[in-house]
2 protein chains.
Amino acid sequence: MLYTLDHEFVQGDVMSVRVQNVSETEPFRSCSHEYKVSCDTCRLSRICLPLALNSADLEHLENIIQRSKPLQRNELLYHEGGPFQSIYAVRSGAMKAYRTTSDGREQVTGFYFPGEVLGMDGISDSAHASSARALETSAVCAIPFDSLEKLSALMPGLQRHLFQLMSREITEDQLLITLLSKNSADERVATLLLSISRRNARRHLSASQFRLPMSRVDIGNYLGLTVETISRVFSRMQKSGILRVDNKEIEILDQEALQLAANIAA
Amino acid sequence: MLYTLDHEFVQGDVMSVRVQNVSETEPFRSCSHEYKVSCDTCRLSRICLPLALNSADLEHLENIIQRSKPLQRNELLYHEGGPFQSIYAVRSGAMKAYRTTSDGREQVTGFYFPGEVLGMDGISDSAHASSARALETSAVCAIPFDSLEKLSALMPGLQRHLFQLMSREITEDQLLITLLSKNSADERVATLLLSISRRNARRHLSASQFRLPMSRVDIGNYLGLTVETISRVFSRMQKSGILRVDNKEIEILDQEALQLAANIAA
DNA sequence: TGGCTCTCTTGATCTGTATCAAGGCGCTGG
DNA sequence: CCAGCGCCTTGATACAGATCAAGAGAGCCA
């Protein structure tokens, strides 16, 4: 295994050779004070906001993006009702978004991994409709929305990309709605694991072996189930040879069986 | 009661005096062929897309909007996987959006009333991620998205409004997620009724008495419950004096109790 | 190194909603 | 006017997952 300061679980896959000069890890070398963002050298640029931009446009975007000191585990990025100023791209680590119900319980509405963008639910009321918290030490890029708005009026590609990003968020929420409404506990858990697996693969990490950044409570909360149920499903899937589960460490032993367990659903 | 061609259930509330010259009803006077849209005279303009526009900008918007012949009950507006070209504003009637799961079941993801916009989930893939169907005879305005995109690059107010519209859709999906994940059958039904009531009020219709445009099956499907459960909840609420239910005709007798029944939740 | 706390697991029991089954109501078309 | 078909209601029963309860690990700090 390569030496790395990256706190993420790094599998021995082919892409690990790149880890050494990857900007995803930078916040932990230099620190604390803000400095210029370089989307250009960020290995996430191919899946993140800059996706559709040429290098001239990219520079404009970089100029408005702010990167600040990493968030510690459990640290709040923004909170429900707080003033909306920016949307955020995850650089490293993992975030959860959640809203608090009137009776004080929490509903996790999404998990966000490096390259993914969160905070767009704050646009409509100029106030965040949910809260976001770091699941582990994480770095994020803040993108001030008013600048982004002005910029996207000038850059058709960026405007389109933003519309698509929001549209994708809607689509994904609808998938979760369907999952909650129609599927069994096993199907829900299987679907989440496959989603994480797919998102890992997109970042050139192992699709079959990873560390869950969130607790069982968070998973249950997200999937509309109790902790106990999550635990039982994991045990059952371990017993049937689909998974190897060691606390937060997950190995998918039988991808096909997992797909089968999920795909009565999505 | 005033004479009206409007097929909607028109209550004897104060605003009914306006019904006579309301464009919401027009599709049923003239017909079939497309003609120029006038957002200007549409009584929905204050809650619909034109919301934030000055009259010069409004004219540009009107020029790209298409209105075609009304949809009959059960007629499809667009379908999952079909090419995405436009988003749609409901002028009259009511629509449902739904997606079909891999095992062929349906998940209703939203109901749309006059003044509300649907179809935005198609932007990300240039293909609709859901289908939309008329719940009753309905008229819609089609807004070609490529024109809308170009226009909104030129009109900051329009761009912002679109972002807000999509953001609101995200927020509402999140509310549904929470509802499905955390609330009992009674809470879900109460919440839906209150939502419909509020949306009626916004259109200056009665908040306490209305006709449900959708079947019990659709309601159950939307709320993640079976028809039988919906029926039982209605019966229970009728027995306890919260509602008067006569098939699709609903009267909210005790607003406060209904709120109480719902608001353990949202 | 021990003790504390937080998270996870497993078992026993309970319950809300699904499922199965039957019948009623109301519209539609002959 | 009646027959037939959707849609809705109501009752009986079954079951998935919640709840309650008790431990077992794992991480953290003194």
# chains A, B, ... in the order shown; residues from 1 in each chain; ligands from 1
>>> interface_residues(of="chain C", to="chain B", cutoff="9 Å", atoms="only C-alpha atoms (C1' of nucleotides)", output="ChimeraX atom specification")
/C:16-18
>>> select_by_dssp(residues="stretch 70-260 of chain A", states="helix (DSSP H, G or I)", output="VMD selection string")
chain A and resid 120 to 122 145 to 154 156 to 182 185 to 202 216 to 223 227 to 239 255 to 260
>>> closest_atom_pairs(of="chain D", to="chain A", cutoff="9 Å", atoms="only C-alpha atoms (C1' of nucleotides)", output="tab-separated table")
residue	atom	partner	partner_atom	distance
D:DA16	C1'	A:Ser184	CA	8.3
D:DG17	C1'	A:Thr229	CA	7.2
D:DA18	C1'	A:Thr226	CA	7.5
>>> write_last_selection(atoms="C-alpha atoms (C1' of nucleotides)", output="tab-separated table (two decimals), in the first residue's frame")
chain	number	residue	atom	x	y	z
D	16	DA	C1'	-42.28	-7.39	8.33
D	17	DG	C1'	-40.20	-4.47	10.93
D	18	DA	C1'	-40.60	-1.69	15.38
>>> interface_residues(of="chain A", to="chain B", cutoff="9 Å", atoms="only C-alpha atoms", output="MDAnalysis selection string")
chainID A and resid 99 101:103 105:109 120:125 129:130 149:150 152:156 159:171 173:178 180:182 221:225 263:266
>>> write_last_selection(atoms="C-alpha atoms", output="PDB file, in the first residue's frame")
ATOM      1  CA  ARG A  99     -33.572  17.764   8.088  1.00  0.00           C
ATOM      2  CA  THR A 101     -38.771  17.034  11.851  1.00  0.00           C
ATOM      3  CA  SER A 102     -41.070  19.104  14.014  1.00  0.00           C
ATOM      4  CA  ASP A 103     -40.907  16.477  16.743  1.00  0.00           C
ATOM      5  CA  ARG A 105     -36.217  13.555  14.956  1.00  0.00           C
ATOM      6  CA  GLU A 106     -33.764  13.548  12.101  1.00  0.00           C
ATOM      7  CA  GLN A 107     -34.305  12.492   8.510  1.00  0.00           C
ATOM      8  CA  VAL A 108     -31.128  11.895   6.542  1.00  0.00           C
ATOM      9  CA  THR A 109     -31.851  12.973   2.964  1.00  0.00           C
ATOM     10  CA  MET A 120     -28.928  23.210  -3.685  1.00  0.00           C
ATOM     11  CA  ASP A 121     -32.098  22.933  -1.645  1.00  0.00           C
ATOM     12  CA  GLY A 122     -31.296  26.336  -0.157  1.00  0.00           C
ATOM     13  CA  ILE A 123     -31.788  28.276  -3.375  1.00  0.00           C
ATOM     14  CA  SER A 124     -35.529  28.622  -3.307  1.00  0.00           C
ATOM     15  CA  ASP A 125     -35.844  30.429   0.018  1.00  0.00           C
ATOM     16  CA  ALA A 129     -33.789  23.640   3.844  1.00  0.00           C
ATOM     17  CA  SER A 130     -31.563  21.037   5.428  1.00  0.00           C
ATOM     18  CA  GLU A 149     -25.438  32.708 -10.964  1.00  0.00           C
ATOM     19  CA  LYS A 150     -23.788  35.673 -12.652  1.00  0.00           C
ATOM     20  CA  SER A 152     -23.647  30.979 -15.503  1.00  0.00           C
ATOM     21  CA  ALA A 153     -25.564  33.748 -17.292  1.00  0.00           C
ATOM     22  CA  LEU A 154     -22.334  34.337 -19.219  1.00  0.00           C
ATOM     23  CA  MET A 155     -21.333  30.707 -19.669  1.00  0.00           C
ATOM     24  CA  PRO A 156     -24.046  28.599 -21.285  1.00  0.00           C
ATOM     25  CA  GLN A 159     -25.756  27.194 -16.736  1.00  0.00           C
ATOM     26  CA  ARG A 160     -26.727  23.955 -18.374  1.00  0.00           C
ATOM     27  CA  HIS A 161     -24.523  21.993 -16.035  1.00  0.00           C
ATOM     28  CA  LEU A 162     -26.184  23.586 -13.024  1.00  0.00           C
ATOM     29  CA  PHE A 163     -29.642  22.796 -14.335  1.00  0.00           C
ATOM     30  CA  GLN A 164     -28.527  19.236 -14.885  1.00  0.00           C
ATOM     31  CA  LEU A 165     -27.035  18.982 -11.432  1.00  0.00           C
ATOM     32  CA  MET A 166     -30.287  20.084  -9.839  1.00  0.00           C
ATOM     33  CA  SER A 167     -32.298  17.877 -12.104  1.00  0.00           C
ATOM     34  CA  ARG A 168     -30.159  14.934 -11.101  1.00  0.00           C
ATOM     35  CA  GLU A 169     -30.785  15.715  -7.457  1.00  0.00           C
ATOM     36  CA  ILE A 170     -34.518  15.612  -8.156  1.00  0.00           C
ATOM     37  CA  THR A 171     -34.198  12.305  -9.960  1.00  0.00           C
ATOM     38  CA  ASP A 173     -34.723  12.013  -4.534  1.00  0.00           C
ATOM     39  CA  GLN A 174     -37.417  10.322  -6.583  1.00  0.00           C
ATOM     40  CA  LEU A 175     -35.475   7.085  -6.543  1.00  0.00           C
ATOM     41  CA  LEU A 176     -35.255   7.303  -2.769  1.00  0.00           C
ATOM     42  CA  ILE A 177     -38.983   8.015  -2.572  1.00  0.00           C
ATOM     43  CA  THR A 178     -39.654   4.891  -4.587  1.00  0.00           C
ATOM     44  CA  LEU A 180     -38.899   3.979   0.768  1.00  0.00           C
ATOM     45  CA  SER A 181     -42.367   3.491  -0.538  1.00  0.00           C
ATOM     46  CA  LYS A 182     -42.071   0.165  -2.276  1.00  0.00           C
ATOM     47  CA  ASN A 221     -32.391   6.899   9.251  1.00  0.00           C
ATOM     48  CA  TYR A 222     -31.738   7.368   5.552  1.00  0.00           C
ATOM     49  CA  LEU A 223     -33.546   4.168   4.584  1.00  0.00           C
ATOM     50  CA  GLY A 224     -36.497   4.597   6.919  1.00  0.00           C
ATOM     51  CA  LEU A 225     -35.496   1.639   9.101  1.00  0.00           C
ATOM     52  CA  ASN A 263     -33.287  -4.973  -8.129  1.00  0.00           C
ATOM     53  CA  ILE A 264     -36.805  -5.979  -7.368  1.00  0.00           C
ATOM     54  CA  ALA A 265     -36.468  -2.260  -6.783  1.00  0.00           C
ATOM     55  CA  ALA A 266     -34.347   0.172  -8.752  1.00  0.00           C
TER      56      ALA A 266
END
>>> closest_residue(among="A:Leu258, A:Ile252, A:Leu61, A:Leu192", to="A:Ser206", atoms="only C-alpha atoms")
A:Ile252
>>> residues_around(residues="A:Asn200", least_positions_apart="6", cutoff="9 Å", atoms="only C-alpha atoms (C1' of nucleotides)", output="ChimeraX atom specification")
/A:113,206-208,210
>>> write_last_selection(atoms="C-alpha atoms", output="PDB file, in the first residue's frame")
ATOM      1  CA  PHE A 113     -18.981  11.697  -1.516  1.00  0.00           C
ATOM      2  CA  SER A 206     -12.745  -0.371  -5.341  1.00  0.00           C
ATOM      3  CA  ALA A 207     -16.364  -1.166  -6.087  1.00  0.00           C
ATOM      4  CA  SER A 208     -16.310  -4.310  -4.003  1.00  0.00           C
ATOM      5  CA  PHE A 210     -14.941  -0.107   1.131  1.00  0.00           C
TER       6      PHE A 210
END
>>> atom_distance(atom1="atom CA of B:Phe145", atom2="atom CA of B:Phe84")
8.4 Å
>>> atom_distance(atom1="atom CA of B:Arg211", atom2="atom CA of B:Val233")
17.2 Å
>>> residues_around(residues="stretch 1-11 of chain D", least_positions_apart="2", cutoff="10 Å", atoms="only C-alpha atoms (C1' of nucleotides)", output="VMD selection string")
(chain B and resid 215 to 217 227 to 228 231 to 232 235 247) or (chain C and resid 21 to 30) or (chain D and resid 13)
>>> residues_around(residues="A:Leu76", least_positions_apart="6", cutoff="8 Å", atoms="only C-alpha atoms (C1' of nucleotides)", output="list in words")
Ser131, Ala132, Arg133 and Ala134 of chain A
>>> write_last_selection(atoms="N, CA and C atoms", output="compact mmCIF listing (two decimals), in the first residue's frame")
# COMPACT_ATOMS: atom_id res chain seq x y z
N SER A 131 -29.72 20.52 6.89
CA SER A 131 -28.41 20.73 7.49
C SER A 131 -27.42 19.75 6.87
N ALA A 132 -26.14 20.08 6.95
CA ALA A 132 -25.12 19.16 6.43
C ALA A 132 -24.00 19.04 7.45
N ARG A 133 -23.55 17.83 7.64
CA ARG A 133 -22.58 17.52 8.68
C ARG A 133 -21.54 16.55 8.12
N ALA A 134 -20.30 16.71 8.56
CA ALA A 134 -19.23 15.83 8.10
C ALA A 134 -19.32 14.48 8.80
>>> select_by_dssp(residues="stretch 55-174 of chain A", states="strand (DSSP E or B)", output="JSON, numbers by chain")
{"A": [66, 67, 71, 76, 77, 78, 83, 86, 87, 88, 89, 90, 91, 92, 95, 96, 97, 98, 99, 100, 106, 107, 108, 109, 110, 111, 112, 117, 118, 127, 131, 132, 133, 134, 138, 139, 140, 141, 142, 143, 144]}
>>> residues_around(residues="A:Ile242", least_positions_apart="6", cutoff="9 Å", atoms="only C-alpha atoms (C1' of nucleotides)", output="MDAnalysis selection string")
chainID A and resid 236 251:258
>>> residues_around(residues="B:Val90", least_positions_apart="2", cutoff="9 Å", atoms="only C-alpha atoms (C1' of nucleotides)", output="ChimeraX atom specification")
/B:48,88,92-95,112-118,138-142
>>> atom_distance(atom1="atom CA of B:Lys69", atom2="atom CA of B:His204")
25.1 Å
